[in-house]
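**Student:** You'll find query05.csv just under this line, and it carries CSV, C-alpha atoms and all ligand atoms.
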```csv
chain,number,residue,atom,x,y,z
C,4,MET,CA,-6.8,32.1,-25.6
C,5,LEU,CA,-4.5,29.1,-25.8
C,6,ASP,CA,-3.3,27.7,-22.5
C,7,SER,CA,0.3,28.3,-21.5
C,8,VAL,CA,2.2,28.9,-24.8
C,9,ARG,CA,5.8,29.9,-23.8
C,10,PRO,CA,8.8,29.8,-26.1
C,11,HIS,CA,11.1,28.4,-23.3
C,12,GLU,CA,9.4,26.3,-20.7
C,13,GLN,CA,10.1,27.2,-17.0
C,14,PRO,CA,10.1,24.5,-14.4
C,15,THR,CA,6.9,24.3,-12.2
C,16,ALA,CA,7.1,25.5,-8.6
C,17,PHE,CA,6.9,21.8,-7.5
C,18,ASP,CA,9.8,20.7,-9.6
C,19,ARG,CA,11.9,23.8,-8.5
C,20,MET,CA,11.1,22.9,-4.9
C,21,LEU,CA,12.3,19.3,-5.4
C,22,ALA,CA,15.6,20.5,-7.1
C,23,PRO,CA,17.7,19.7,-3.9
C,24,VAL,CA,16.3,16.1,-3.9
C,25,HIS,CA,17.0,15.8,-7.6
C,26,ARG,CA,20.5,17.2,-7.1
C,27,TRP,CA,21.2,14.6,-4.4
C,28,ILE,CA,19.8,11.7,-6.6
C,29,TRP,CA,21.8,12.7,-9.6
C,30,SER,CA,25.0,13.3,-7.7
C,31,ASP,CA,25.7,9.6,-7.3
C,32,THR,CA,27.0,7.8,-10.4
C,33,ASP,CA,25.2,4.5,-9.6
C,34,ARG,CA,21.9,6.3,-9.2
C,35,ARG,CA,22.5,8.4,-12.3
C,36,ILE,CA,23.0,5.2,-14.4
C,37,GLN,CA,19.8,3.7,-13.0
C,38,LYS,CA,17.9,6.8,-13.7
C,39,LEU,CA,19.3,7.1,-17.3
C,40,LEU,CA,18.4,3.5,-18.0
C,41,ARG,CA,14.9,3.9,-16.7
C,42,PHE,CA,14.5,7.2,-18.7
C,43,GLY,CA,15.7,5.4,-21.8
C,44,GLU,CA,13.1,2.7,-21.3
C,45,THR,CA,10.3,5.3,-20.7
C,46,GLU,CA,11.2,7.3,-23.8
C,47,THR,CA,11.3,4.2,-26.0
C,48,ASP,CA,8.0,2.9,-24.6
C,49,GLY,CA,6.5,6.4,-25.1
C,50,GLY,CA,7.8,6.4,-28.8
C,51,ARG,CA,6.1,3.0,-29.3
C,52,ASP,CA,2.8,4.3,-28.0
C,53,ILE,CA,3.0,7.5,-30.2
C,54,LEU,CA,3.8,5.2,-33.2
C,55,ARG,CA,0.5,3.4,-32.4
C,56,ALA,CA,-1.3,6.7,-32.2
C,57,ALA,CA,0.0,7.5,-35.7
C,58,GLU,CA,-1.5,4.2,-36.9
C,59,VAL,CA,-4.9,4.8,-35.4
C,60,THR,CA,-5.5,8.4,-36.2
C,61,SER,CA,-7.5,9.3,-39.3
C,62,ASP,CA,-5.9,12.8,-39.5
C,63,PRO,CA,-3.1,12.8,-42.1
C,64,LEU,CA,-1.3,15.8,-40.5
C,65,LEU,CA,-1.4,14.3,-37.1
C,66,ARG,CA,-0.1,11.0,-38.5
C,67,ARG,CA,2.9,12.8,-39.9
C,68,LEU,CA,3.6,14.7,-36.7
C,69,TYR,CA,3.1,11.6,-34.5
C,70,LEU,CA,5.7,9.7,-36.7
C,71,GLU,CA,8.2,12.5,-36.3
C,72,HIS,CA,7.4,12.7,-32.6
C,73,ALA,CA,7.9,8.9,-32.2
C,74,LEU,CA,11.3,9.0,-33.9
C,75,ASP,CA,12.3,11.8,-31.5
C,76,GLU,CA,11.3,9.7,-28.5
C,77,PHE,CA,13.2,6.6,-29.8
C,78,ARG,CA,16.3,8.9,-30.3
C,79,HIS,CA,15.9,10.1,-26.7
C,80,GLY,CA,15.8,6.5,-25.5
C,81,VAL,CA,19.1,5.8,-27.4
C,82,LEU,CA,20.8,8.9,-26.1
C,83,PHE,CA,19.9,8.0,-22.5
C,84,ARG,CA,20.9,4.4,-22.8
C,85,ARG,CA,24.2,5.3,-24.5
C,86,ARG,CA,25.1,7.7,-21.8
C,87,ALA,CA,24.2,5.1,-19.1
C,88,ALA,CA,26.5,2.6,-20.9
C,89,ALA,CA,29.3,5.1,-21.1
C,90,LEU,CA,29.0,5.8,-17.4
C,91,LEU,CA,28.8,2.1,-16.6
C,92,LYS,CA,32.1,1.5,-18.4
C,93,VAL,CA,34.0,4.1,-16.3
C,94,SER,CA,32.3,3.6,-12.9
C,95,HIS,CA,32.4,-0.2,-12.3
C,96,SER,CA,29.0,0.3,-10.9
C,97,HIS,CA,27.0,-2.4,-9.2
C,98,LEU,CA,23.5,-1.5,-10.0
C,99,ASP,CA,21.5,-1.6,-6.8
C,100,SER,CA,17.8,-0.7,-6.1
C,101,GLY,CA,18.2,2.1,-3.7
C,102,PHE,CA,16.1,5.3,-3.5
C,103,HIS,CA,15.6,7.0,-6.8
C,104,GLY,CA,12.6,9.1,-6.0
C,105,ASP,CA,10.6,7.5,-8.9
C,106,TRP,CA,7.3,8.1,-7.2
C,107,LEU,CA,8.2,11.8,-7.0
C,108,ALA,CA,9.2,12.1,-10.6
C,109,PRO,CA,8.2,9.0,-12.6
C,110,GLY,CA,10.5,8.2,-15.5
C,111,GLY,CA,10.9,12.0,-16.2
C,112,HIS,CA,8.3,12.0,-18.9
C,113,GLY,CA,4.9,10.8,-17.8
C,114,LEU,CA,4.2,9.1,-21.2
C,115,ASP,CA,4.1,5.8,-19.3
C,116,ASP,CA,0.5,6.4,-18.4
C,117,LEU,CA,-0.5,6.7,-22.1
C,118,GLN,CA,-3.4,4.6,-23.3
C,119,VAL,CA,-3.7,4.9,-27.1
C,120,ASP,CA,-6.5,2.7,-28.3
C,121,GLY,CA,-10.0,4.1,-27.9
C,122,GLU,CA,-8.7,7.7,-27.3
C,123,SER,CA,-10.0,10.5,-29.5
C,124,ASP,CA,-7.4,12.8,-31.3
C,125,SER,CA,-8.2,15.7,-28.9
C,126,ASP,CA,-7.8,13.6,-25.7
C,127,MET,CA,-4.6,12.2,-27.1
C,128,LEU,CA,-3.2,15.6,-27.9
C,129,ALA,CA,-4.3,17.0,-24.5
C,130,PHE,CA,-2.5,14.1,-22.7
C,131,LEU,CA,0.6,14.4,-24.9
C,132,HIS,CA,0.7,18.2,-24.3
C,133,LEU,CA,0.6,17.8,-20.5
C,134,SER,CA,3.2,15.0,-20.6
C,135,GLU,CA,5.6,17.0,-22.7
C,136,LYS,CA,5.1,20.0,-20.6
C,137,SER,CA,5.9,18.1,-17.4
C,138,ALA,CA,8.9,16.5,-19.1
C,139,ALA,CA,10.2,19.9,-20.2
C,140,SER,CA,9.7,21.2,-16.7
C,141,ARG,CA,11.6,18.2,-15.1
C,142,PHE,CA,14.3,18.1,-17.7
C,143,THR,CA,15.0,21.8,-17.1
C,144,VAL,CA,15.6,21.0,-13.4
C,145,TYR,CA,17.7,17.9,-14.2
C,146,ARG,CA,19.8,20.0,-16.7
C,147,ASP,CA,20.3,22.7,-14.0
C,148,VAL,CA,21.4,20.3,-11.3
C,149,MET,CA,23.8,18.4,-13.6
C,150,GLN,CA,26.7,20.9,-13.1
C,151,HIS,CA,29.1,18.0,-12.3
C,152,ASP,CA,28.4,16.0,-15.5
C,153,ALA,CA,28.7,18.1,-18.6
C,154,LEU,CA,27.9,15.3,-21.0
C,155,THR,CA,24.7,14.2,-19.3
C,156,ARG,CA,23.8,17.9,-19.0
C,157,ALA,CA,24.2,18.3,-22.8
C,158,ILE,CA,21.9,15.3,-23.4
C,159,PHE,CA,19.2,16.9,-21.2
C,160,GLU,CA,19.7,20.2,-23.0
C,161,GLU,CA,19.3,18.6,-26.4
C,162,ILE,CA,16.2,16.5,-25.4
C,163,LEU,CA,14.7,19.6,-23.7
C,164,ARG,CA,14.6,21.4,-27.1
C,165,ASP,CA,12.6,18.4,-28.6
C,166,GLU,CA,10.2,18.2,-25.6
C,167,THR,CA,9.6,22.0,-25.9
C,168,PHE,CA,8.7,21.5,-29.6
C,169,HIS,CA,6.4,18.5,-28.7
C,170,MET,CA,4.7,20.6,-26.1
C,171,GLY,CA,4.1,23.4,-28.6
C,172,TYR,CA,2.9,21.3,-31.6
C,173,THR,CA,0.5,19.2,-29.5
C,174,LEU,CA,-1.2,22.4,-28.1
C,175,THR,CA,-1.4,23.9,-31.6
C,176,GLN,CA,-2.9,20.8,-33.0
C,177,LEU,CA,-5.4,20.5,-30.1
C,178,ALA,CA,-6.6,24.0,-30.9
C,179,ARG,CA,-7.0,23.0,-34.5
C,180,VAL,CA,-8.9,19.7,-34.0
C,181,GLU,CA,-11.0,21.1,-31.1
C,182,PRO,CA,-11.2,24.9,-31.5
C,183,GLN,CA,-14.1,25.4,-29.1
C,184,ARG,CA,-13.3,23.0,-26.3
C,185,HIS,CA,-9.6,22.5,-26.2
C,186,ASN,CA,-9.3,24.1,-22.7
C,187,ARG,CA,-11.9,21.7,-21.4
C,188,ARG,CA,-9.9,18.7,-22.8
C,189,LEU,CA,-6.8,20.0,-21.1
C,190,TRP,CA,-8.5,20.3,-17.8
C,191,ARG,CA,-9.9,16.8,-18.1
C,192,ALA,CA,-6.4,15.5,-18.9
C,193,ARG,CA,-5.0,17.5,-16.0
C,194,LEU,CA,-7.4,15.9,-13.5
C,195,SER,CA,-6.7,12.5,-14.8
C,196,ARG,CA,-2.9,13.1,-14.4
C,197,LEU,CA,-3.5,14.5,-10.9
C,198,TRP,CA,-5.4,11.3,-9.9
C,199,LYS,CA,-2.6,9.1,-11.3
C,200,ALA,CA,0.0,11.2,-9.5
C,201,TYR,CA,-2.0,10.8,-6.3
C,202,LEU,CA,-2.2,7.0,-6.7
C,203,ARG,CA,1.6,6.9,-7.4
C,204,LEU,CA,2.3,9.1,-4.3
C,205,ALA,CA,0.0,7.0,-2.2
C,206,SER,CA,1.5,3.7,-3.3
C,207,GLY,CA,5.0,5.1,-2.6
C,208,LEU,CA,4.0,6.3,0.9
C,209,ALA,CA,2.2,3.0,1.5
C,210,GLY,CA,5.5,1.1,0.6
C,211,ILE,CA,7.4,3.2,3.1
C,212,MET,CA,4.8,2.8,5.8
C,213,GLY,CA,4.6,-0.9,5.2
C,214,SER,CA,8.4,-1.3,5.6
C,215,PHE,CA,8.3,0.8,8.7
C,216,LEU,CA,5.5,-1.2,10.3
C,217,LEU,CA,7.0,-4.6,9.4
C,218,THR,CA,10.3,-3.5,10.9
C,219,ILE,CA,8.6,-2.4,14.1
C,220,GLN,CA,6.7,-5.7,14.2
C,221,TYR,CA,9.9,-7.7,13.6
C,222,PHE,CA,11.7,-6.1,16.6
C,223,PHE,CA,8.9,-5.6,19.0
C,224,LEU,CA,6.4,-8.5,18.4
C,225,LEU,CA,8.6,-11.3,17.1
C,226,ALA,CA,10.9,-11.5,20.2
C,227,PRO,CA,8.0,-11.9,22.8
C,228,PHE,CA,6.2,-14.5,20.6
C,229,ALA,CA,9.4,-16.5,20.2
C,230,TRP,CA,9.9,-16.3,24.0
C,231,LEU,CA,6.3,-17.5,24.7
C,232,ALA,CA,6.6,-20.3,22.1
C,233,LYS,CA,9.9,-21.5,23.7
C,234,ARG,CA,8.3,-21.4,27.2
C,235,ALA,CA,5.2,-23.4,26.0
C,236,ALA,CA,7.6,-25.9,24.3
C,237,ARG,CA,9.5,-26.3,27.6
C,238,ARG,CA,6.2,-27.1,29.5
C,239,GLU,CA,5.2,-29.8,27.0
C,240,CYS,CA,6.0,-33.4,28.3
C,241,SER,CA,8.2,-35.4,25.9
C,242,GLY,CA,7.1,-38.8,24.6
C,243,TRP,CA,3.7,-40.6,25.0
C,244,THR,CA,1.4,-39.3,27.7
C,245,PRO,CA,-1.6,-41.2,29.3
C,246,VAL,CA,-5.1,-40.1,28.2
C,247,SER,CA,-7.9,-39.7,30.7
C,248,PRO,CA,-10.4,-42.7,30.6
C,249,GLY,CA,-13.3,-40.5,29.4
C,250,ARG,CA,-11.4,-39.5,26.3
C,251,SER,CA,-10.3,-42.9,25.2
C,252,ASP,CA,-13.7,-44.3,24.0
C,253,SER,CA,-14.1,-45.8,20.6
C,254,LEU,CA,-14.5,-43.3,17.8
C,255,ASP,CA,-18.2,-43.0,16.7
C,256,ARG,CA,-17.9,-39.8,14.7
C,257,GLN,CA,-15.5,-38.1,12.4
C,258,TYR,CA,-14.4,-35.3,14.8
E,301,FE,FE,11.3,12.5,-25.0
E,302,FE,FE,8.7,14.3,-26.0
```
Transcribe the structure of this file into structure tokens.
Ligand SMILES: [Fe+2]
Ligand SMILES: [Fe+2]
**Tutor:**
Amino acid sequence: MLDSVRPHEQPTAFDRMLAPVHRWIWSDTDRRIQKLLRFGETETDGGRDILRAAEVTSDPLLRRLYLEHALDEFRHGVLFRRRAAALLKVSHSHLDSGFHGDWLAPGGHGLDDLQVDGESDSDMLAFLHLSEKSAASRFTVYRDVMQHDALTRAIFEEILRDETFHMGYTLTQLARVEPQRHNRRLWRARLSRLWKAYLRLASGLAGIMGSFLLTIQYFFLLAPFAWLAKRAARRECSGWTPVSPGRSDSLDRQY
């Protein structure tokens, strides 16, 4: 049986759990602009990679589907960027680099991890299916928390329809090119995504821990060191000081 074919994708429990965080992130106009710009970039990059996948596949049907898919992703990128530009015009935003939760939900799509060259059609389809599925799940949450911004909500609604279609066609094609082992391919792609998600989470946490430890060091270690250095400097005699007779012999070695 095919894995998880559903006409309308539901968000995963993890994405539903993070809905309050997403609501808070998207509630601020500056953060919304930053997120939209980053999403626009991810969608366009993903479109470029899928275009490359269309070039390297030897399957004519996949090539046509990948081309349509790539055009959709380019269009998503334009929609996100246009919306960000429209918000920028009215908000007088100063784009800062505050918390955007990117290590919780990277670029909304997950296509940024895509490696095209050297991948078989089945591995590519399994990866694309899971990426589109995760995008559909996240975009459902983003659409639902976007009550305060009808235009951005409409963009997520429109893109969500495409992502659901991408999710469906990639699974259908995976079952066509790998009828016996498509579930195994999906599990392998799932484990690879899990490992990358772990690395992303670990590097996000490492960043937070690093900032915390450096702040502690700054306030608790720097002050005593500065005090000790000043005390040592006060004890130093100024100017030339006499050297004991034993230490003033002629130099007969380098050190
Ligand atoms: Fe997309
Ligand atoms: Fe997509």
**Student:** For range 41-96 of chain C against range 163-167 of chain C, with a cut-off of 10 Å and counting all atoms listed in the file, what is the closest atom pair and its distance in Å to one decimal for every residue that makes the cut, ordered by chain and number, as a Markdown table?
**Tutor:**
```
| residue | atom | partner | partner_atom | distance |
| --- | --- | --- | --- | --- |
| C:His72 | CA | C:Asp165 | CA | 8.7 |
| C:Asp75 | CA | C:Asp165 | CA | 7.2 |
| C:Glu76 | CA | C:Asp165 | CA | 8.8 |
| C:His79 | CA | C:Asp165 | CA | 9.1 |
```
**Student:** Would you mind exporting C-alpha atoms of the selected residues as a compact mmCIF listing (two decimals), in the frame of the given file?
**Tutor:**
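Output (part38.txt):
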```
# COMPACT_ATOMS: atom_id res chain seq x y z
CA HIS C 72 7.40 12.70 -32.60
CA ASP C 75 12.30 11.80 -31.50
CA GLU C 76 11.30 9.70 -28.50
CA HIS C 79 15.90 10.10 -26.70
```
**Student:** Please tabulate, as a tab-separated table, the residues of chain C that come within 10 Å of ligand FE 302 (chain E), each with its closest pair of atoms and the distance in Å to one decimal, counting all atoms listed in the file and ordering rows by chain, then residue number upward.
**Tutor:**
```
residue	atom	partner	partner_atom	distance
C:Glu46	CA	E:FE302	FE	7.8
C:Gly49	CA	E:FE302	FE	8.2
C:Gly50	CA	E:FE302	FE	8.4
C:Ile53	CA	E:FE302	FE	9.8
C:His72	CA	E:FE302	FE	6.9
C:Ala73	CA	E:FE302	FE	8.3
C:Leu74	CA	E:FE302	FE	9.9
C:Asp75	CA	E:FE302	FE	7.0
C:Glu76	CA	E:FE302	FE	5.8
C:Phe77	CA	E:FE302	FE	9.7
C:His79	CA	E:FE302	FE	8.4
C:His112	CA	E:FE302	FE	7.5
C:Gly113	CA	E:FE302	FE	9.7
C:Leu114	CA	E:FE302	FE	8.4
C:Leu131	CA	E:FE302	FE	8.2
C:His132	CA	E:FE302	FE	9.1
C:Ser134	CA	E:FE302	FE	7.7
C:Glu135	CA	E:FE302	FE	5.3
C:Lys136	CA	E:FE302	FE	8.6
C:Ser137	CA	E:FE302	FE	9.8
C:Ala138	CA	E:FE302	FE	7.2
C:Ala139	CA	E:FE302	FE	8.2
C:Ile162	CA	E:FE302	FE	7.8
C:Leu163	CA	E:FE302	FE	8.3
C:Arg164	CA	E:FE302	FE	9.3
C:Asp165	CA	E:FE302	FE	6.2
C:Glu166	CA	E:FE302	FE	4.2
C:Thr167	CA	E:FE302	FE	7.8
C:Phe168	CA	E:FE302	FE	8.0
C:His169	CA	E:FE302	FE	5.5
C:Met170	CA	E:FE302	FE	7.5
```
**Student:** Determine, counting all atoms listed in the file, which protein, DNA and RNA residues have an atom within 12 Å of an atom of range 185-193 of chain C; residues of the same chain fewer than 2 positions away are not included. Present the result as an NGL selection string.
**Tutor:** :C and (4-7 or 116-117 or 122-134 or 136-137 or 173-183 or 195-200)
**Student:** Measure the distance from CA of Leu91 in chain C to CA of Val24 in chain C in Å and round it to one decimal.
**Tutor:**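 So the answer is 22.7 Å.
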**Student:** Just checking: using all atoms listed in the file, which residue out of C:Trp27, C:Tyr145, C:Phe159, C:Tyr221 ends up closest to ligand FE 301 (chain E)?
**Tutor:** C:Phe159
**Student:** Between C:Arg141, C:Arg55, C:Arg66, C:Arg86, single out the one closest to ligand FE 301 (chain E), counting all atoms listed in the file.
**Tutor:**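 For ligand FE 301 (chain E), the nearest of the given residues is C:Arg141.
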**Student:** Between C:Val144, C:Ala89, C:Leu204, C:Ile158, which residue has the minimum interatomic distance to ligand FE 301 (chain E), considering all atoms listed in the file?
**Tutor:**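 The shortest atom-to-atom distance to ligand FE 301 (chain E) comes from C:Ile158.
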